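Structure file my_file01.tsv (TSV, C-alpha atoms and all ligand atoms) follows.
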chain	number	residue	atom	x	y	z
A	122	MET	CA	-36.56	17.55	18.54
A	123	THR	CA	-39.45	15.97	16.61
A	124	THR	CA	-40.30	16.94	13.05
A	125	ASN	CA	-42.92	15.88	10.53
A	126	LYS	CA	-40.27	14.26	8.40
A	127	PRO	CA	-40.04	10.47	8.18
A	128	VAL	CA	-37.50	8.91	10.54
A	129	LEU	CA	-34.16	7.72	9.20
A	130	LEU	CA	-32.10	5.56	11.53
A	131	SER	CA	-28.81	3.75	11.27
A	132	GLY	CA	-25.85	2.73	13.39
A	133	ILE	CA	-22.34	1.36	13.44
A	134	GLN	CA	-20.61	-0.88	15.94
A	135	PRO	CA	-17.63	0.78	17.58
A	136	SER	CA	-15.19	-1.99	16.78
A	137	GLY	CA	-11.93	-1.67	14.82
A	138	GLN	CA	-11.47	1.44	12.69
A	139	LEU	CA	-14.16	3.06	10.54
A	140	CYS	CA	-13.29	2.13	6.98
A	141	LEU	CA	-14.07	3.03	3.40
A	142	GLY	CA	-16.59	0.16	3.25
A	143	ASN	CA	-18.60	1.76	6.08
A	144	TYR	CA	-18.37	5.13	4.38
A	145	ILE	CA	-19.48	3.97	0.93
A	146	GLY	CA	-22.08	1.45	2.10
A	147	ALA	CA	-23.59	3.54	4.87
A	148	ILE	CA	-22.30	6.95	6.01
A	149	LYS	CA	-22.24	8.51	2.54
A	150	ASN	CA	-25.94	7.71	2.19
A	151	TRP	CA	-26.76	8.99	5.68
A	152	VAL	CA	-25.20	12.30	4.65
A	153	GLY	CA	-27.04	12.34	1.33
A	154	LEU	CA	-30.43	11.58	2.89
A	155	GLN	CA	-30.21	13.60	6.10
A	156	ASN	CA	-31.98	16.74	4.84
A	157	ASP	CA	-35.13	14.88	3.91
A	158	TYR	CA	-35.41	12.90	7.13
A	159	ASP	CA	-35.54	13.15	10.86
A	160	GLY	CA	-32.18	11.40	11.38
A	161	ILE	CA	-31.01	9.27	14.28
A	162	PHE	CA	-27.45	7.94	14.08
A	163	LEU	CA	-26.31	5.47	16.69
A	164	VAL	CA	-22.97	4.32	17.97
A	165	VAL	CA	-24.08	0.83	18.97
A	166	ASP	CA	-21.71	0.13	21.83
A	167	LEU	CA	-23.78	-2.72	23.30
A	168	HIS	CA	-23.53	-4.58	20.02
A	169	ALA	CA	-19.74	-4.26	20.13
A	170	LEU	CA	-19.66	-6.26	23.38
A	171	THR	CA	-20.47	-9.44	21.46
A	172	VAL	CA	-16.77	-9.48	20.58
A	173	LYS	CA	-14.09	-9.09	23.29
A	174	GLN	CA	-13.19	-5.42	23.75
A	175	LYS	CA	-10.61	-3.57	25.84
A	176	PRO	CA	-12.74	-1.25	28.02
A	177	SER	CA	-10.53	1.85	27.65
A	178	GLU	CA	-10.30	1.40	23.88
A	179	LEU	CA	-14.05	0.89	23.55
A	180	ARG	CA	-14.70	4.11	25.45
A	181	ASN	CA	-12.34	6.13	23.23
A	182	ARG	CA	-13.62	4.51	20.08
A	183	CYS	CA	-17.20	5.53	20.80
A	184	LEU	CA	-16.18	9.20	20.89
A	185	SER	CA	-13.90	8.78	17.91
A	186	PHE	CA	-16.73	7.25	15.83
A	187	LEU	CA	-19.06	10.05	16.86
A	188	ALA	CA	-16.47	12.63	15.76
A	189	GLN	CA	-16.01	10.77	12.48
A	190	TYR	CA	-19.77	10.78	11.78
A	191	ILE	CA	-19.68	14.56	12.19
A	192	ALA	CA	-16.48	14.94	10.17
A	193	CYS	CA	-18.08	12.97	7.32
A	194	GLY	CA	-20.90	15.50	7.20
A	195	ILE	CA	-23.62	14.41	9.63
A	196	ASP	CA	-25.09	17.63	11.01
A	197	PRO	CA	-25.52	17.38	14.79
A	198	GLY	CA	-27.83	20.40	14.67
A	199	SER	CA	-30.52	18.61	12.71
A	200	ASN	CA	-29.97	14.94	13.63
A	201	LEU	CA	-29.77	13.00	16.86
A	202	LEU	CA	-26.42	11.39	17.57
A	203	VAL	CA	-26.82	8.76	20.24
A	204	ILE	CA	-24.74	6.21	22.07
A	205	GLN	CA	-26.93	3.12	22.29
A	206	SER	CA	-26.24	2.38	25.98
A	207	HIS	CA	-27.42	5.89	26.94
A	208	VAL	CA	-31.00	4.87	26.23
A	209	HIS	CA	-31.88	1.85	28.35
A	210	GLN	CA	-35.05	1.08	26.41
A	211	HIS	CA	-33.00	-0.53	23.62
A	212	THR	CA	-32.32	-3.57	25.79
A	213	GLU	CA	-35.82	-3.55	27.26
A	214	LEU	CA	-37.44	-3.69	23.85
A	215	ALA	CA	-34.88	-6.28	22.74
A	216	TRP	CA	-36.09	-8.55	25.54
A	217	VAL	CA	-39.71	-8.25	24.47
A	218	LEU	CA	-38.81	-8.85	20.83
A	219	SER	CA	-36.69	-11.86	21.76
A	220	THR	CA	-39.86	-13.54	23.00
A	221	LEU	CA	-41.27	-13.15	19.47
A	222	ALA	CA	-38.15	-14.23	17.58
A	223	TYR	CA	-37.72	-17.92	16.82
A	224	MET	CA	-34.50	-19.84	17.39
A	225	GLY	CA	-34.74	-21.14	13.82
A	226	GLU	CA	-34.88	-17.59	12.48
A	227	LEU	CA	-31.79	-16.50	14.40
A	228	ASN	CA	-29.99	-19.70	13.45
A	229	ARG	CA	-30.32	-18.76	9.79
A	230	MET	CA	-28.51	-15.43	10.19
A	231	THR	CA	-25.40	-15.60	8.03
A	232	GLN	CA	-23.56	-13.03	10.12
A	233	PHE	CA	-24.00	-15.22	13.21
A	234	LYS	CA	-22.59	-18.16	11.29
A	235	ASP	CA	-19.62	-16.09	10.03
A	236	LYS	CA	-18.85	-14.54	13.38
A	237	SER	CA	-19.13	-17.79	15.29
A	238	THR	CA	-16.69	-19.36	12.85
A	239	LYS	CA	-14.30	-16.43	13.30
A	240	HIS	CA	-14.56	-16.29	17.11
A	241	GLN	CA	-14.83	-19.95	18.03
A	242	GLU	CA	-13.46	-19.27	21.50
A	243	ASN	CA	-16.29	-16.83	22.24
A	244	ILE	CA	-19.60	-17.93	20.73
A	245	ASN	CA	-21.67	-16.06	23.30
A	246	ALA	CA	-25.45	-15.82	23.54
A	247	GLY	CA	-25.25	-12.10	22.66
A	248	LEU	CA	-23.79	-12.97	19.28
A	249	PHE	CA	-26.85	-15.13	18.65
A	250	THR	CA	-29.47	-12.61	19.84
A	251	TYR	CA	-27.65	-9.63	18.31
A	252	PRO	CA	-30.16	-9.21	15.41
A	253	VAL	CA	-32.96	-8.84	17.96
A	254	LEU	CA	-31.14	-5.96	19.63
A	255	MET	CA	-30.67	-4.42	16.20
A	256	ALA	CA	-34.41	-4.78	15.53
A	257	ALA	CA	-35.05	-3.02	18.85
A	258	ASP	CA	-32.72	-0.14	17.84
A	259	ILE	CA	-34.82	0.40	14.75
A	260	LEU	CA	-38.35	-0.22	16.04
A	261	LEU	CA	-37.85	1.81	19.22
A	262	TYR	CA	-37.75	5.03	17.18
A	263	GLN	CA	-40.43	4.02	14.66
A	264	ALA	CA	-37.86	4.31	11.88
A	265	ASP	CA	-39.18	4.51	8.31
A	266	LEU	CA	-35.88	4.09	6.49
A	267	VAL	CA	-32.66	2.30	7.45
A	268	PRO	CA	-29.65	2.94	5.18
A	269	VAL	CA	-27.16	0.06	5.46
A	270	GLY	CA	-24.77	-2.02	3.37
A	271	ALA	CA	-25.79	-5.33	1.80
A	272	ASP	CA	-24.49	-7.39	4.75
A	273	GLN	CA	-27.28	-6.04	6.97
A	274	LYS	CA	-30.14	-6.99	4.64
A	275	GLN	CA	-31.03	-10.17	6.50
A	276	HIS	CA	-31.06	-8.35	9.85
A	277	LEU	CA	-33.35	-5.72	8.39
A	278	GLU	CA	-35.73	-8.43	7.18
A	279	LEU	CA	-35.87	-9.80	10.71
A	280	ALA	CA	-36.67	-6.33	12.07
A	281	ARG	CA	-39.53	-6.06	9.58
A	282	ASP	CA	-40.81	-9.54	10.44
A	283	LEU	CA	-40.74	-8.80	14.16
A	284	ALA	CA	-42.56	-5.50	13.67
A	285	GLN	CA	-45.26	-7.22	11.61
A	286	ARG	CA	-45.55	-10.11	14.07
A	287	PHE	CA	-45.97	-7.74	17.00
A	288	ASN	CA	-48.49	-5.60	15.10
A	289	GLN	CA	-50.53	-8.65	14.17
A	290	ARG	CA	-50.53	-10.06	17.67
A	291	TYR	CA	-51.13	-6.87	19.63
A	292	SER	CA	-52.51	-4.35	17.08
A	293	ASP	CA	-50.61	-1.68	15.16
A	294	THR	CA	-47.66	-0.42	17.18
A	295	PHE	CA	-44.52	-0.35	15.07
A	296	VAL	CA	-43.68	1.26	11.77
A	297	VAL	CA	-42.39	-1.48	9.47
A	298	PRO	CA	-38.99	-0.11	8.36
A	299	GLU	CA	-37.73	-0.05	4.78
A	300	PRO	CA	-34.08	-0.83	4.07
A	301	PHE	CA	-32.06	1.55	1.92
A	302	ILE	CA	-29.27	-0.44	0.29
A	303	PRO	CA	-27.33	1.40	-2.44
A	304	LYS	CA	-27.33	-0.16	-5.92
A	305	GLN	CA	-23.59	0.42	-6.25
A	306	GLY	CA	-21.11	0.11	-3.38
A	307	ALA	CA	-23.29	-1.94	-0.99
A	308	ARG	CA	-20.49	-4.46	-0.57
A	309	ILE	CA	-16.96	-3.14	-0.79
A	310	MET	CA	-14.50	-6.00	-0.75
A	311	SER	CA	-11.28	-6.62	1.15
A	312	LEU	CA	-8.15	-5.31	-0.60
A	313	GLN	CA	-6.09	-8.45	-0.06
A	314	SER	CA	-8.89	-11.04	-0.31
A	315	PRO	CA	-11.45	-9.54	-2.67
A	316	GLU	CA	-13.74	-12.55	-2.26
A	317	SER	CA	-14.59	-11.36	1.28
A	318	LYS	CA	-16.11	-8.13	2.56
A	319	MET	CA	-13.92	-5.21	3.65
A	320	SER	CA	-14.23	-5.18	7.43
A	321	LYS	CA	-13.22	-2.46	9.89
A	322	SER	CA	-12.16	-5.03	12.45
A	323	ASP	CA	-10.00	-7.12	10.13
A	324	THR	CA	-6.78	-8.08	11.92
A	325	ASN	CA	-4.87	-7.48	8.69
A	326	GLU	CA	-4.94	-3.69	8.25
A	327	ASN	CA	-3.89	-4.03	4.62
A	328	ASN	CA	-7.38	-5.30	3.90
A	329	PHE	CA	-9.10	-1.98	4.48
A	330	ILE	CA	-8.65	1.77	4.11
A	331	ALA	CA	-9.40	3.43	7.43
A	332	LEU	CA	-11.03	6.86	7.22
A	333	LEU	CA	-8.16	8.17	9.34
A	334	ASP	CA	-5.33	6.54	7.37
A	335	PRO	CA	-2.59	9.02	6.36
A	336	PRO	CA	-2.06	9.56	2.58
A	337	ASP	CA	1.04	7.38	2.34
A	338	THR	CA	-0.68	4.46	4.03
A	339	ILE	CA	-3.56	4.79	1.57
A	340	ARG	CA	-1.15	4.81	-1.38
A	341	LYS	CA	0.63	1.75	-0.02
A	342	LYS	CA	-2.54	-0.22	0.71
A	343	ILE	CA	-4.07	0.47	-2.71
A	344	LYS	CA	-0.82	-0.31	-4.50
A	345	ARG	CA	-0.69	-3.70	-2.77
A	346	ALA	CA	-4.36	-4.51	-3.44
A	347	VAL	CA	-4.75	-7.91	-5.04
A	348	THR	CA	-5.86	-7.86	-8.69
A	349	ASP	CA	-5.22	-10.54	-11.35
A	350	SER	CA	-2.85	-11.38	-14.17
A	351	PHE	CA	-4.86	-9.76	-16.97
A	352	THR	CA	-3.72	-6.38	-18.22
A	353	ASP	CA	-6.82	-4.65	-19.62
A	354	ILE	CA	-9.38	-2.77	-17.54
A	355	GLN	CA	-12.79	-4.45	-17.57
A	356	TYR	CA	-15.51	-4.82	-14.98
A	357	ASP	CA	-15.99	-8.52	-14.24
A	358	GLU	CA	-17.06	-9.07	-10.67
A	359	GLU	CA	-17.08	-12.84	-10.88
A	360	ASN	CA	-13.75	-13.52	-12.57
A	361	ARG	CA	-11.80	-10.40	-11.64
A	362	PRO	CA	-13.13	-9.44	-8.21
A	363	GLY	CA	-10.07	-7.44	-7.11
A	364	LEU	CA	-10.16	-5.16	-10.13
A	365	ALA	CA	-13.96	-4.90	-9.96
A	366	ASN	CA	-13.65	-3.73	-6.35
A	367	LEU	CA	-11.14	-1.02	-7.28
A	368	LEU	CA	-13.46	0.18	-10.05
A	369	VAL	CA	-16.45	0.31	-7.68
A	370	MET	CA	-14.42	2.22	-5.12
A	371	TYR	CA	-13.28	4.70	-7.74
A	372	ALA	CA	-16.83	5.17	-9.01
A	373	GLU	CA	-18.20	5.74	-5.51
A	374	VAL	CA	-15.47	8.08	-4.37
A	375	ALA	CA	-15.42	10.11	-7.59
A	376	GLY	CA	-19.23	10.15	-7.96
A	377	MET	CA	-19.28	8.25	-11.25
A	378	GLU	CA	-20.89	5.18	-12.82
A	379	ILE	CA	-18.70	2.08	-13.13
A	380	LYS	CA	-19.08	2.28	-16.94
A	381	GLN	CA	-17.59	5.75	-16.97
A	382	VAL	CA	-14.64	4.65	-14.84
A	383	VAL	CA	-13.94	1.73	-17.17
A	384	GLN	CA	-13.99	4.18	-20.10
A	385	GLN	CA	-11.68	6.59	-18.32
A	386	PHE	CA	-9.09	3.87	-17.73
A	387	GLU	CA	-9.47	2.06	-21.04
A	388	ASN	CA	-6.00	1.33	-22.45
A	389	LYS	CA	-4.35	2.26	-19.16
A	390	CYS	CA	-2.59	-0.18	-16.88
A	391	TYR	CA	-3.51	-1.27	-13.34
A	392	GLU	CA	-0.77	0.92	-11.85
A	393	VAL	CA	-2.40	4.05	-13.26
A	394	LEU	CA	-5.83	3.04	-11.97
A	395	LYS	CA	-4.37	2.26	-8.55
A	396	SER	CA	-2.41	5.45	-8.22
A	397	GLU	CA	-5.36	7.61	-9.35
A	398	LEU	CA	-7.70	5.71	-7.03
A	399	ALA	CA	-5.38	6.37	-4.10
A	400	GLU	CA	-5.37	10.08	-4.95
A	401	VAL	CA	-9.19	10.41	-5.15
A	402	ILE	CA	-9.51	8.62	-1.81
A	403	ILE	CA	-6.90	10.92	-0.26
A	404	GLU	CA	-8.79	13.96	-1.61
A	405	LEU	CA	-12.07	12.64	-0.21
A	406	LEU	CA	-10.57	12.01	3.21
A	407	LYS	CA	-8.46	15.16	3.55
A	408	PRO	CA	-11.30	17.44	4.76
A	409	VAL	CA	-12.82	14.57	6.79
A	410	GLN	CA	-9.55	14.06	8.64
A	411	SER	CA	-8.92	17.72	9.32
A	412	GLU	CA	-12.49	18.19	10.61
A	413	TYR	CA	-12.10	15.04	12.71
A	414	HIS	CA	-8.90	16.30	14.35
A	415	ARG	CA	-10.63	19.57	15.19
A	416	VAL	CA	-13.83	18.00	16.56
A	417	ILE	CA	-12.21	15.23	18.61
A	418	GLN	CA	-10.31	17.85	20.67
A	419	ASP	CA	-13.55	19.54	21.69
A	420	LYS	CA	-14.81	17.22	24.39
A	421	LYS	CA	-17.43	19.71	25.62
A	422	TYR	CA	-18.94	19.98	22.12
A	423	LEU	CA	-19.10	16.18	21.82
A	424	SER	CA	-20.57	15.69	25.26
A	425	ASP	CA	-23.25	18.34	24.58
A	426	ILE	CA	-24.20	16.53	21.38
A	427	LEU	CA	-24.43	13.23	23.24
A	428	SER	CA	-26.44	14.64	26.08
A	429	ASN	CA	-28.91	16.26	23.69
A	430	GLY	CA	-29.06	13.01	21.69
A	431	ALA	CA	-29.68	10.88	24.77
A	432	GLU	CA	-32.35	13.21	26.11
A	433	ASN	CA	-34.34	13.42	22.88
A	434	ALA	CA	-33.92	9.76	22.05
A	435	SER	CA	-34.99	8.73	25.56
A	436	TYR	CA	-38.16	10.77	25.23
A	437	ARG	CA	-39.09	8.92	22.05
A	438	ALA	CA	-37.99	5.57	23.46
A	439	ARG	CA	-40.13	6.01	26.57
A	440	LYS	CA	-43.18	6.61	24.39
A	441	THR	CA	-42.63	3.42	22.43
A	442	ILE	CA	-41.75	1.19	25.36
A	443	SER	CA	-44.70	2.28	27.46
A	444	LYS	CA	-47.02	1.57	24.55
A	445	VAL	CA	-45.40	-1.84	24.09
A	446	TYR	CA	-45.61	-2.74	27.78
A	447	ARG	CA	-49.25	-1.70	27.90
A	448	LYS	CA	-50.16	-3.73	24.82
A	449	ILE	CA	-48.48	-6.90	26.02
A	450	GLY	CA	-50.24	-6.71	29.39
A	451	LEU	CA	-47.63	-5.45	31.87
A	452	VAL	CA	-48.94	-3.47	34.85
A	453	PRO	CA	-47.93	0.19	34.51
A	454	ARG	CA	-45.70	1.45	37.31
A	455	VAL	CA	-47.36	4.07	39.52
A	456	GLN	CA	-45.24	7.25	39.36
B	1	LIG	P1	-21.32	-2.61	11.09
B	1	LIG	O1	-20.82	-1.84	12.26
B	1	LIG	O2	-20.69	-3.91	10.79
B	1	LIG	O3	-21.23	-1.72	9.79
B	1	LIG	C1	-21.74	-0.42	9.74
B	1	LIG	C2	-22.36	-0.12	8.40
B	1	LIG	O4	-21.39	-0.24	7.34
B	1	LIG	C3	-21.88	-1.15	6.36
B	1	LIG	N1	-20.74	-1.90	5.84
B	1	LIG	C4	-20.40	-1.99	4.56
B	1	LIG	N2	-20.95	-1.47	3.42
B	1	LIG	C5	-20.35	-1.75	2.25
B	1	LIG	N3	-19.24	-2.50	2.15
B	1	LIG	C6	-18.64	-3.03	3.23
B	1	LIG	N4	-17.55	-3.76	3.13
B	1	LIG	C7	-19.22	-2.78	4.51
B	1	LIG	N5	-18.90	-3.13	5.78
B	1	LIG	C8	-19.83	-2.60	6.57
B	1	LIG	C9	-22.84	-2.06	7.10
B	1	LIG	O5	-23.76	-2.68	6.22
B	1	LIG	C10	-23.50	-1.08	8.05
B	1	LIG	O6	-24.52	-0.36	7.38
B	1	LIG	N6	-25.48	-4.55	12.97
B	1	LIG	C11	-24.91	-3.37	12.37
B	1	LIG	C12	-25.02	-2.14	13.24
B	1	LIG	C13	-26.39	-1.80	13.72
B	1	LIG	C14	-27.40	-1.15	12.97
B	1	LIG	C15	-28.49	-1.00	13.90
B	1	LIG	C16	-27.48	-0.69	11.67
B	1	LIG	C17	-26.86	-2.03	14.98
B	1	LIG	N7	-28.13	-1.53	15.07
B	1	LIG	C18	-29.66	-0.39	13.47
B	1	LIG	C19	-28.67	-0.08	11.27
B	1	LIG	C20	-29.75	0.06	12.17
B	1	LIG	C21	-23.44	-3.63	12.11
B	1	LIG	O7	-22.84	-4.44	12.74
B	1	LIG	O8	-22.90	-2.79	11.21
As structure tokens, what does this structure read like?
Amino acid sequence: MTTNKPVLLSGIQPSGQLCLGNYIGAIKNWVGLQNDYDGIFLVVDLHALTVKQKPSELRNRCLSFLAQYIACGIDPGSNLLVIQSHVHQHTELAWVLSTLAYMGELNRMTQFKDKSTKHQENINAGLFTYPVLMAADILLYQADLVPVGADQKQHLELARDLAQRFNQRYSDTFVVPEPFIPKQGARIMSLQSPESKMSKSDTNENNFIALLDPPDTIRKKIKRAVTDSFTDIQYDEENRPGLANLLVMYAEVAGMEIKQVVQQFENKCYEVLKSELAEVIIELLKPVQSEYHRVIQDKKYLSDILSNGAENASYRARKTISKVYRKIGLVPRVQ
């Protein structure tokens, strides 16, 4: 499947549970952009190995994430859905790119710093070179646009730098990808600690809304979300981050501007905002969850999608990697 449309590519690590932050910051935009692009959506299982995983859970989670992409509205008929490890050229290109990436550059990556603080017992080399693998994911398919949340901005800049560095050294080879980071909702915050990002692998499940959370869990989690001791509804990210986060979530889920949400809840108390927010989230997720439960049962359907994805993606990946190997001076293998 190749079209004349520009290539849109993105991916999610199969760790933890897909959450509202992933939906608002990434998946929602994939769905919105998919008709205008030649879309490739990855489940980046190799990336997930940088944190300890239980093998059987990782395997199930990959399929579950795939089914959730589809349930959220990604059309498998017009996009490629690919498990990263099914296309071996990702790691091959990552190796080549790692010889162009500087230690100093990787040392500056804030996500590496955060993750190595969080997982002190397992600061592995993969955690350090992770952004190079991500650059390979993107450059391998000559992606034009990469829709992600704000936390991936620095990684995207590295991918662009590596593409430009390679092109300068060896002549034009890679498309230099553009990030697509939404103006609103690019950084949804944790419900209990609104000064940090909502994360799908948070050990405290009260910090995030999972896309598969049942309605009562959603009500409970939103009700318990940390706010402040003021009583009026105003958007003030710096001084009232918990409330600001609830307002952003409401705006994103209901398809509104923050200003409009503030107006809607003017003179109402936090309880009303919280209970209405819970209900709009439940409404958003109801069809997603029922589609998910249907799709996840159909293993043949999922495996056909993955086999088609792997086949088409491998074809494109082979083209890029053979060009790269030729340009850097490797001897082509005789078939
Ligand atoms: P990951 O798996 O941490 O997150 C997946 C996507 O969700 C976005 N996101 C958020 N957006 C808003 N608010 C939040 N609280 C929030 N949390 C997560 C992320 O920005 C991301 O878009 N390295 C990537 C995965 C990756 C990738 C790629 C992405 C690997 N290769 C190639 C794009 C292209 C990651 O760990 O995302």
Can I get the residues of chain A within 7 Å of ligand LIG 1 (chain B), each with the closest pair of atoms and their distance in Å to one decimal, using all atoms listed in the file, sorted chain first then ascending number, as a tab-separated table?
residue	atom	partner	partner_atom	distance
A:Leu130	CA	B:LIG1	C20	6.0
A:Ser131	CA	B:LIG1	C19	3.8
A:Gly132	CA	B:LIG1	C16	4.2
A:Ile133	CA	B:LIG1	O1	3.7
A:Gln134	CA	B:LIG1	O1	3.8
A:Pro135	CA	B:LIG1	O1	6.7
A:Gly142	CA	B:LIG1	C6	3.8
A:Asn143	CA	B:LIG1	O4	3.7
A:Tyr144	CA	B:LIG1	O4	6.8
A:Ile145	CA	B:LIG1	C5	5.9
A:Gly146	CA	B:LIG1	N2	3.4
A:Ala147	CA	B:LIG1	O6	4.7
A:Val165	CA	B:LIG1	C17	5.6
A:His168	CA	B:LIG1	C17	6.6
A:Met255	CA	B:LIG1	N7	4.0
A:Ala256	CA	B:LIG1	C18	6.8
A:Asp258	CA	B:LIG1	C18	5.3
A:Ile259	CA	B:LIG1	C18	5.4
A:Val267	CA	B:LIG1	C20	6.0
A:Pro268	CA	B:LIG1	O6	6.5
A:Val269	CA	B:LIG1	O6	3.3
A:Gly270	CA	B:LIG1	O5	3.1
A:Ala271	CA	B:LIG1	O5	5.5
A:Asp272	CA	B:LIG1	O5	5.0
A:Gln273	CA	B:LIG1	O5	4.9
A:Gly306	CA	B:LIG1	C5	6.0
A:Ala307	CA	B:LIG1	C5	4.4
A:Arg308	CA	B:LIG1	N3	3.6
A:Ile309	CA	B:LIG1	N3	3.8
A:Met310	CA	B:LIG1	N4	5.4
A:Lys318	CA	B:LIG1	N4	4.6
A:Met319	CA	B:LIG1	N4	3.9
A:Ser320	CA	B:LIG1	N5	5.4
| Test item: residues at most 7 Å from segment 412-420 of chain A, only C-alpha atoms, excluding those fewer than 4 positions along its chain, as a list in words | Ser185, Ala188, Gln189, Ala192, Pro408 and Ser424 of chain A
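Using only C-alpha atoms, the nearest neighbour of Val164 of chain A within the list A:Phe386, A:Tyr190, A:Tyr356, A:Tyr371 is A:Tyr190.
Our summary of the geometry notes that atom CA of Asp349 of chain A is positioned 7.4 Å from atom CA of Leu364 of chain A.
Considering the residues A:Leu187, A:Val297, A:Ala264, A:Ala215 and counting only C-alpha atoms, Arg437 of chain A has its shortest atom-to-atom contact with A:Ala264.
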| query | Taking into account only C-alpha atoms, which residue in the set A:Asn150, A:Asn327, A:Gln385, A:Thr338 is nearest to Gln355 of chain A? | reply | A:Gln385
| atom CA of Val208 of chain A and atom CA of Ala431 of chain A are how many Å apart? | 6.3 Å
| query | In Å, how far is it from atom CA of Thr124 of chain A to atom CA of Val445 of chain A? | reply | 22.4 Å
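Comparing the minimum interatomic distances between Lys304 of chain A and each of A:Gln285, A:Ile379, A:Ile442, A:Lys407, counting only C-alpha atoms, we find that A:Ile379 sits nearest.
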| So which one's closest to Lys239 of chain A, A:Ala331, A:Glu397, A:Thr324, A:Ala438? Using only C-alpha atoms, please. | A:Thr324
Would you give the centre and edge lengths, in Å to one decimal, of a box along x, y and z around the listed atoms of segment 153-168 of chain A, with 4 Å added to each side, as lines of an AutoDock Vina configuration file?
center_x = -28.6
center_y = 6.1
center_z = 12.3
size_x = 21.8
size_y = 29.3
size_z = 30.0
